[in-house]
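Visitor: Got a structure for you, written out below as structure tokens; questions coming shortly.
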Amino acid sequence: MLSRSSFTSLVVGVFAVYVAHTCWVMYGIVYTRPCPAAADGAAGGCVWPYLSRRPKLQLSVYTTTRSSIGAESNIDLVLNVEDFDIESKFERTVNVSVPKKTRNNGTLYAFVFLHHAGILPWHDSKQVHVVSPLTTYMVPKPEEINLLTGESATQQIEAEKQTNALDEPVSHWRSRLTLNVMVEDFVFDGSSLPADVHRYMKMVQLGKTVHYLPILFIDQLSNRVKDLMVINRSTTELPLTVSYDKISLGKLRFWIHMQDAVYSLQQFGFSEKDADEVKGIFVDTNLYFLALTFFVAAFHLLFDFLAFKNDISFWKKKRSMIGMSTKAVLWRCFSTVVIFLFLLDEQTSLLVLIPAGIGAVIELWKVKKALKMTIRWQGLRPKFQFGAYNDSEKKTEEYDAQAMKYLSYLLYPLCIGGAGYSLLNVKYKSWYSWLINSFVNGVYAFGFLFMLPQLFVNYKMKSVAHLPWKAFTYKAFNTFIDDIFAFIITMPTSHRLACFRDDVVFLVYLYQRWLYPVDKSRVNEYGESYEEKSKKKSS
């Protein structure tokens, strides 16, 4: 059986291999090997860019309720850019007529054509086109009301609520359409075309050489939930912002892989909002910051695992609560569960929700250990039994109760006052939402005060040897990483501020560790002292 140190080394080794493999894969995506014959001017086996001929192009955007078109019937031209310059970016907003079928939860498609100027797309054999739905289905965001007066933020939603009483998904309008054209004069090797780009390429034979037509690409990652608009039956026109920018081959291949990854997440059950959080990581940051985000996320995952592992190992072997604040353990459990319920109520990204859920389960288990609780089943009815504390543990409990006594004079009025203020001035979806928000605001705003009993116990005992410092260290690393993630991943503002609050708490613990050096005669986190271990070895 592997020891703890060898298991940790194995995990770190697997992590290093994973990071190295991911870097190699990313290099393979960004770098594409050009056709070797192109350097000698030979055409054999190479696929040449049609854009190198500098054709005069035109961009046309049509809308229709059908997913395929064969002629110009039953389609509407919404944008026509003559003398289209592939090097110049632009952004234009047009009004799109919404057909009756689309207003009744139907789908509307956008057909984007890049073709020769002065020729209709379906008469041009060298045209390229892409198709994208302009609508998507999603459950509307619940309306927030004042729980005392019943006033809503938008009164007109009340009528719509009658048709959506069961929270059924309805059609939403995608108000943005982002287009890209790969502008590099890159010569591909016909025998080893990248599979990701190949499906976007259209080949033509011109004389003795094979050319690929302009690679037109729709950036689906730019379709964000914040840009969606509910389509109701009275809507006849909706705005559509069409933006264009050129794109390099490396970024195009990377973007294709990221879009495929987001699509895979949705196939595995991720909602539109969950996928939107992932999109935000890619769209709202540049590529260099994105690379930093990857390494930060990888190390966050590693430290999360090591912190959970050492925390569980510490509490699994814990036999004594000497020096440990039971009130702090109970509060940490309560606050973790409340934060998880709050994030669940706010429909936060799974990237934040899943670790919070795992942490809540671990905290519940730690409470069971701290209270020396055993559960015995009598049929289907559980029976709880609590163990007794020794004299040293009772002394710790006295310090703990003393700290909580003074703390309650400050904490409870603040929490109750904050809950009353929010009930009068803030709108919520339900009474449950208000209750969870009141709890979590108390946790975020004043939760760090519940760290004070443990600090007080440390001060009274003049020792920090009883604390799980390995787990603390890994959690500290993650706390500083969370500071970076606070600006990347969408999360409630209160949760973002709590990330910075935790930095201060850890610095206080570090100060106490420096202030109270290790006394080898005192017990450690496993209820043993260094001198006791030496006696056991000598005997």
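Identifiers in this document derive from the order of the structure tokens: chains are assigned A, B, ..., residues are numbered from 1 separately in each chain, and ligands are numbered from 1 in order of occurrence.
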Quick one: residues within 6 Å of stretch 221-234 of chain A, only C-alpha atoms, excluding same-chain residues fewer than 5 positions away - as number ranges by chain?

Guide: A: 103, 171-175, 276, 279

Visitor: Using DSSP assignments from the backbone, pull out every residue in stretch 149-327 of chain A that falls under helix (DSSP H, G or I) and give it to me as a PyMOL selection string.

Guide: chain A and resi 157-163+195-198+220-222+225-227+249-267+272-283+287-316+326-327

Visitor: Restricted to C-alpha atoms, what would the selected residues look like written as a short mmCIF file (atom, residue, chain, number, x, y, z; two decimals), in the first residue's frame?

Guide:
data_model
loop_
_atom_site.label_atom_id
_atom_site.label_comp_id
_atom_site.auth_asym_id
_atom_site.auth_seq_id
_atom_site.Cartn_x
_atom_site.Cartn_y
_atom_site.Cartn_z
CA ILE A 157 -43.43 40.69 -17.39
CA GLU A 158 -46.51 39.83 -15.32
CA ALA A 159 -48.54 39.20 -18.45
CA GLU A 160 -45.83 37.03 -19.95
CA LYS A 161 -45.60 35.04 -16.72
CA GLN A 162 -49.05 33.53 -17.33
CA THR A 163 -47.80 31.69 -20.41
CA ALA A 195 -9.04 17.82 -39.52
CA ASP A 196 -10.40 20.81 -37.59
CA VAL A 197 -9.95 23.27 -40.47
CA HIS A 198 -10.69 20.75 -43.23
CA GLN A 220 -20.25 31.04 -31.55
CA LEU A 221 -18.21 31.75 -28.42
CA SER A 222 -19.25 35.41 -28.71
CA VAL A 225 -26.36 34.86 -22.32
CA LYS A 226 -26.25 38.57 -21.44
CA ASP A 227 -26.98 39.39 -25.11
CA LEU A 249 -4.88 30.34 -38.80
CA GLY A 250 -3.57 29.47 -35.33
CA LYS A 251 -6.36 31.34 -33.54
CA LEU A 252 -8.95 29.88 -35.93
CA ARG A 253 -7.90 26.31 -35.12
CA PHE A 254 -7.84 27.10 -31.40
CA TRP A 255 -11.30 28.67 -31.58
CA ILE A 256 -12.70 25.65 -33.43
CA HIS A 257 -11.45 23.34 -30.69
CA MET A 258 -12.87 25.57 -27.97
CA GLN A 259 -16.28 25.69 -29.68
CA ASP A 260 -16.26 21.91 -29.97
CA ALA A 261 -15.39 21.66 -26.26
CA VAL A 262 -18.29 23.93 -25.27
CA TYR A 263 -20.63 21.92 -27.50
CA SER A 264 -19.46 18.71 -25.80
CA LEU A 265 -20.19 20.23 -22.38
CA GLN A 266 -23.74 21.02 -23.50
CA GLN A 267 -24.15 17.45 -24.76
CA GLU A 272 -26.73 27.45 -21.69
CA LYS A 273 -25.72 29.49 -18.64
CA ASP A 274 -23.05 26.97 -17.55
CA ALA A 275 -21.58 26.94 -21.06
CA ASP A 276 -21.70 30.74 -21.05
CA GLU A 277 -19.33 30.87 -18.09
CA VAL A 278 -16.81 28.80 -20.04
CA LYS A 279 -17.26 31.04 -23.08
CA GLY A 280 -16.51 34.08 -20.94
CA ILE A 281 -13.11 32.68 -20.01
CA PHE A 282 -12.15 32.51 -23.69
CA VAL A 283 -13.91 35.57 -25.12
CA LEU A 287 -4.71 34.55 -25.64
CA TYR A 288 -1.74 35.27 -23.36
CA PHE A 289 -4.00 35.80 -20.36
CA LEU A 290 -5.90 32.70 -21.41
CA ALA A 291 -2.70 30.65 -21.28
CA LEU A 292 -2.06 32.03 -17.78
CA THR A 293 -5.64 31.09 -16.86
CA PHE A 294 -5.00 27.49 -17.94
CA PHE A 295 -1.94 27.14 -15.71
CA VAL A 296 -3.72 28.88 -12.83
CA ALA A 297 -6.71 26.53 -13.21
CA ALA A 298 -4.44 23.48 -13.38
CA PHE A 299 -2.60 24.42 -10.18
CA HIS A 300 -5.91 25.31 -8.52
CA LEU A 301 -7.15 21.80 -9.28
CA LEU A 302 -3.95 20.29 -7.88
CA PHE A 303 -4.02 22.33 -4.67
CA ASP A 304 -7.75 21.65 -4.27
CA PHE A 305 -7.07 17.92 -4.37
CA LEU A 306 -4.09 18.11 -2.00
CA ALA A 307 -6.00 20.36 0.44
CA PHE A 308 -9.00 18.01 0.49
CA LYS A 309 -6.68 14.99 0.88
CA ASN A 310 -4.70 16.47 3.79
CA ASP A 311 -7.80 17.88 5.46
CA ILE A 312 -9.52 14.50 5.35
CA SER A 313 -6.32 12.76 6.53
CA PHE A 314 -5.99 15.21 9.44
CA TRP A 315 -9.57 14.77 10.65
CA LYS A 316 -9.57 11.03 10.03
CA THR A 326 -15.64 23.45 18.07
CA LYS A 327 -17.65 26.63 17.45
#

Visitor: Set the distance at 10 Å and use only C-alpha atoms: which residues neighbour A:Phe113 once local chain neighbours fewer than 2 positions away are removed? I'd like the list as a list in words.

Guide: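 The contact residues come out as Gln58, Leu59, Ser60, Val61, Tyr62, Asn80, Ala110, Phe111, His115, His116, Leu120, Pro121, Trp122, Gln127, Val128, His129, Val130, Val131 and Leu216 of chain A.
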
Visitor: Quick one: residues within 9 Å of A:Pro49, only C-alpha atoms, excluding same-chain residues fewer than 2 positions away - as a PyMOL selection string?

Guide: chain A and resi 47+51-53+184-188+210-214

Visitor: Pick out each residue of stretch 159-259 of chain A that DSSP on the backbone tags as strand (DSSP E); I need them as a PyMOL selection string.

Guide: chain A and resi 170-174+176-182+188-189+203-206+209-212+216-218+228-230+237-247

Visitor: Using N, CA, C and O atoms, can you write the selected residues to a file as a short mmCIF file (atom, residue, chain, number, x, y, z; two decimals), in the first residue's frame?

Guide:
data_model
loop_
_atom_site.label_atom_id
_atom_site.label_comp_id
_atom_site.auth_asym_id
_atom_site.auth_seq_id
_atom_site.Cartn_x
_atom_site.Cartn_y
_atom_site.Cartn_z
N VAL A 170 -38.32 29.07 -23.55
CA VAL A 170 -38.92 29.87 -24.62
C VAL A 170 -37.81 30.36 -25.54
O VAL A 170 -36.63 30.33 -25.20
N SER A 171 -38.22 30.84 -26.71
CA SER A 171 -37.25 31.32 -27.69
C SER A 171 -36.60 32.62 -27.22
O SER A 171 -37.29 33.52 -26.73
N HIS A 172 -35.29 32.67 -27.36
CA HIS A 172 -34.52 33.87 -27.07
C HIS A 172 -33.77 34.29 -28.34
O HIS A 172 -33.33 33.44 -29.12
N TRP A 173 -33.63 35.59 -28.52
CA TRP A 173 -32.98 36.15 -29.71
C TRP A 173 -31.50 36.37 -29.43
O TRP A 173 -31.13 36.98 -28.44
N ARG A 174 -30.67 35.85 -30.33
CA ARG A 174 -29.23 36.11 -30.25
C ARG A 174 -28.95 37.42 -30.98
O ARG A 174 -29.00 37.48 -32.21
N ARG A 176 -26.26 39.11 -31.37
CA ARG A 176 -24.94 39.34 -31.96
C ARG A 176 -24.59 38.21 -32.93
O ARG A 176 -24.88 37.04 -32.67
N LEU A 177 -23.95 38.58 -34.03
CA LEU A 177 -23.46 37.63 -35.02
C LEU A 177 -22.03 38.05 -35.36
O LEU A 177 -21.81 39.10 -35.97
N THR A 178 -21.07 37.25 -34.93
CA THR A 178 -19.65 37.59 -35.09
C THR A 178 -19.04 36.72 -36.19
O THR A 178 -19.10 35.49 -36.11
N LEU A 179 -18.46 37.36 -37.20
CA LEU A 179 -17.92 36.66 -38.37
C LEU A 179 -16.40 36.84 -38.43
O LEU A 179 -15.87 37.89 -38.03
N ASN A 180 -15.73 35.83 -38.93
CA ASN A 180 -14.28 35.89 -39.15
C ASN A 180 -13.94 35.26 -40.49
O ASN A 180 -14.61 34.34 -40.95
N VAL A 181 -12.87 35.76 -41.09
CA VAL A 181 -12.29 35.16 -42.30
C VAL A 181 -10.81 34.96 -42.04
O VAL A 181 -10.12 35.88 -41.59
N MET A 182 -10.32 33.75 -42.32
CA MET A 182 -8.90 33.47 -42.17
C MET A 182 -8.14 34.14 -43.33
O MET A 182 -8.36 33.80 -44.49
N PHE A 188 -1.35 24.86 -47.54
CA PHE A 188 -1.51 23.61 -46.82
C PHE A 188 -0.88 22.45 -47.58
O PHE A 188 -0.78 22.48 -48.82
N ASP A 189 -0.45 21.46 -46.83
CA ASP A 189 0.00 20.20 -47.40
C ASP A 189 -1.24 19.34 -47.63
O ASP A 189 -1.93 18.96 -46.69
N MET A 203 -12.71 23.24 -51.68
CA MET A 203 -11.61 23.20 -52.67
C MET A 203 -12.15 23.42 -54.09
O MET A 203 -13.27 23.01 -54.42
N VAL A 204 -11.32 24.06 -54.90
CA VAL A 204 -11.61 24.22 -56.33
C VAL A 204 -10.33 23.95 -57.12
O VAL A 204 -9.23 24.24 -56.64
N GLN A 205 -10.50 23.40 -58.29
CA GLN A 205 -9.37 23.14 -59.18
C GLN A 205 -9.25 24.29 -60.16
O GLN A 205 -10.16 24.58 -60.93
N LEU A 206 -8.12 24.97 -60.14
CA LEU A 206 -7.84 26.07 -61.06
C LEU A 206 -6.59 25.74 -61.84
O LEU A 206 -5.47 25.87 -61.34
N THR A 209 -3.45 23.53 -60.33
CA THR A 209 -3.32 23.69 -58.88
C THR A 209 -4.68 23.62 -58.19
O THR A 209 -5.72 23.96 -58.78
N VAL A 210 -4.64 23.19 -56.94
CA VAL A 210 -5.84 23.13 -56.10
C VAL A 210 -5.81 24.32 -55.15
O VAL A 210 -4.81 24.57 -54.49
N HIS A 211 -6.93 25.02 -55.09
CA HIS A 211 -7.05 26.17 -54.20
C HIS A 211 -8.17 25.92 -53.19
O HIS A 211 -9.14 25.21 -53.49
N TYR A 212 -8.02 26.50 -52.01
CA TYR A 212 -9.13 26.49 -51.06
C TYR A 212 -9.72 27.90 -51.01
O TYR A 212 -9.02 28.90 -50.97
N LEU A 216 -14.64 30.97 -44.12
CA LEU A 216 -15.59 31.82 -43.39
C LEU A 216 -16.01 31.11 -42.11
O LEU A 216 -16.34 29.93 -42.13
N PHE A 217 -16.00 31.83 -41.01
CA PHE A 217 -16.20 31.21 -39.70
C PHE A 217 -17.12 32.08 -38.86
O PHE A 217 -16.97 33.31 -38.83
N ILE A 218 -18.09 31.46 -38.18
CA ILE A 218 -18.96 32.16 -37.24
C ILE A 218 -18.47 31.88 -35.82
O ILE A 218 -18.39 30.72 -35.41
N LEU A 228 -28.84 37.81 -24.89
CA LEU A 228 -30.08 37.17 -25.32
C LEU A 228 -31.28 38.05 -24.96
O LEU A 228 -31.30 38.72 -23.94
N MET A 229 -32.30 38.01 -25.83
CA MET A 229 -33.54 38.76 -25.62
C MET A 229 -34.72 37.81 -25.79
O MET A 229 -34.75 37.02 -26.74
N VAL A 230 -35.68 37.88 -24.88
CA VAL A 230 -36.87 37.02 -24.97
C VAL A 230 -37.71 37.45 -26.16
O VAL A 230 -37.96 38.64 -26.37
N GLU A 237 -39.90 43.10 -34.89
CA GLU A 237 -38.53 43.38 -35.32
C GLU A 237 -37.60 43.31 -34.11
O GLU A 237 -37.98 43.68 -32.99
N LEU A 238 -36.38 42.83 -34.37
CA LEU A 238 -35.37 42.75 -33.33
C LEU A 238 -34.03 43.20 -33.89
O LEU A 238 -33.73 42.97 -35.07
N PRO A 239 -33.18 43.83 -33.05
CA PRO A 239 -31.88 44.29 -33.55
C PRO A 239 -30.88 43.14 -33.63
O PRO A 239 -30.89 42.22 -32.80
N LEU A 240 -30.03 43.19 -34.63
CA LEU A 240 -28.96 42.21 -34.80
C LEU A 240 -27.66 42.97 -35.09
O LEU A 240 -27.59 43.73 -36.06
N THR A 241 -26.66 42.77 -34.23
CA THR A 241 -25.36 43.42 -34.43
C THR A 241 -24.42 42.44 -35.12
O THR A 241 -24.08 41.40 -34.56
N VAL A 242 -24.04 42.78 -36.35
CA VAL A 242 -23.14 41.95 -37.14
C VAL A 242 -21.75 42.58 -37.06
O VAL A 242 -21.55 43.72 -37.46
N SER A 243 -20.80 41.82 -36.53
CA SER A 243 -19.43 42.32 -36.44
C SER A 243 -18.49 41.38 -37.19
O SER A 243 -18.72 40.16 -37.25
N TYR A 244 -17.45 41.97 -37.75
CA TYR A 244 -16.47 41.18 -38.52
C TYR A 244 -15.06 41.57 -38.11
O TYR A 244 -14.78 42.74 -37.82
N ASP A 245 -14.19 40.57 -38.09
CA ASP A 245 -12.77 40.81 -37.87
C ASP A 245 -11.99 39.66 -38.51
O ASP A 245 -12.49 38.52 -38.58
N LYS A 246 -10.80 39.96 -38.98
CA LYS A 246 -9.96 38.90 -39.54
C LYS A 246 -9.42 38.03 -38.44
O LYS A 246 -9.40 38.42 -37.25
N ILE A 247 -8.96 36.84 -38.81
CA ILE A 247 -8.45 35.89 -37.83
C ILE A 247 -7.27 35.13 -38.43
O ILE A 247 -7.23 34.85 -39.64
#

Visitor: Which is closer to A:Ser463 than all the others in A:Arg66, A:Arg513, A:Lys394, A:Lys89, using only C-alpha atoms?

Guide: A:Arg513

Visitor: Calculate how many Å separate atom CA of A:Lys202 from atom CA of A:Arg33, rounding to one decimal.

Guide: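 These atoms are spaced 19.5 Å apart.
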
Visitor: Could you check the closest approach to A:Tyr459 for each of A:Gln512, A:Thr235, A:Asn105, A:Ser68 and tell me which residue wins, using only C-alpha atoms?

Guide: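 Using only C-alpha atoms, A:Tyr459 sits closest to A:Gln512.
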
Visitor: Rank A:Gly207, A:Pro99, A:Gly417, A:Pro140 by their smallest atom-to-atom distance to A:Thr63, using only C-alpha atoms, and report the top residue only.

Guide: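 Of all the options, A:Pro99 lies closest to A:Thr63.
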
Visitor: Please compute the atom CA of A:Phe84-atom CA of A:Leu114 distance, one decimal, in Å.

Guide: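 Interatomic distance here is 8.9 Å.
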
Visitor: Could you tell me which of A:Val30, A:Val504, A:Ala16, A:Met201 comes closest to A:Ile215 if we count only C-alpha atoms?

Guide: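 Closest to A:Ile215 of all the choices is A:Met201.
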
Visitor: For A:Trp365, please output as a PyMOL selection string all residues within 12 Å (counting only C-alpha atoms; exclusion window: fewer than 6 positions along the same chain).

Guide: chain A and resi 311-312+315-316+329-330+332-333+358-359+371-374
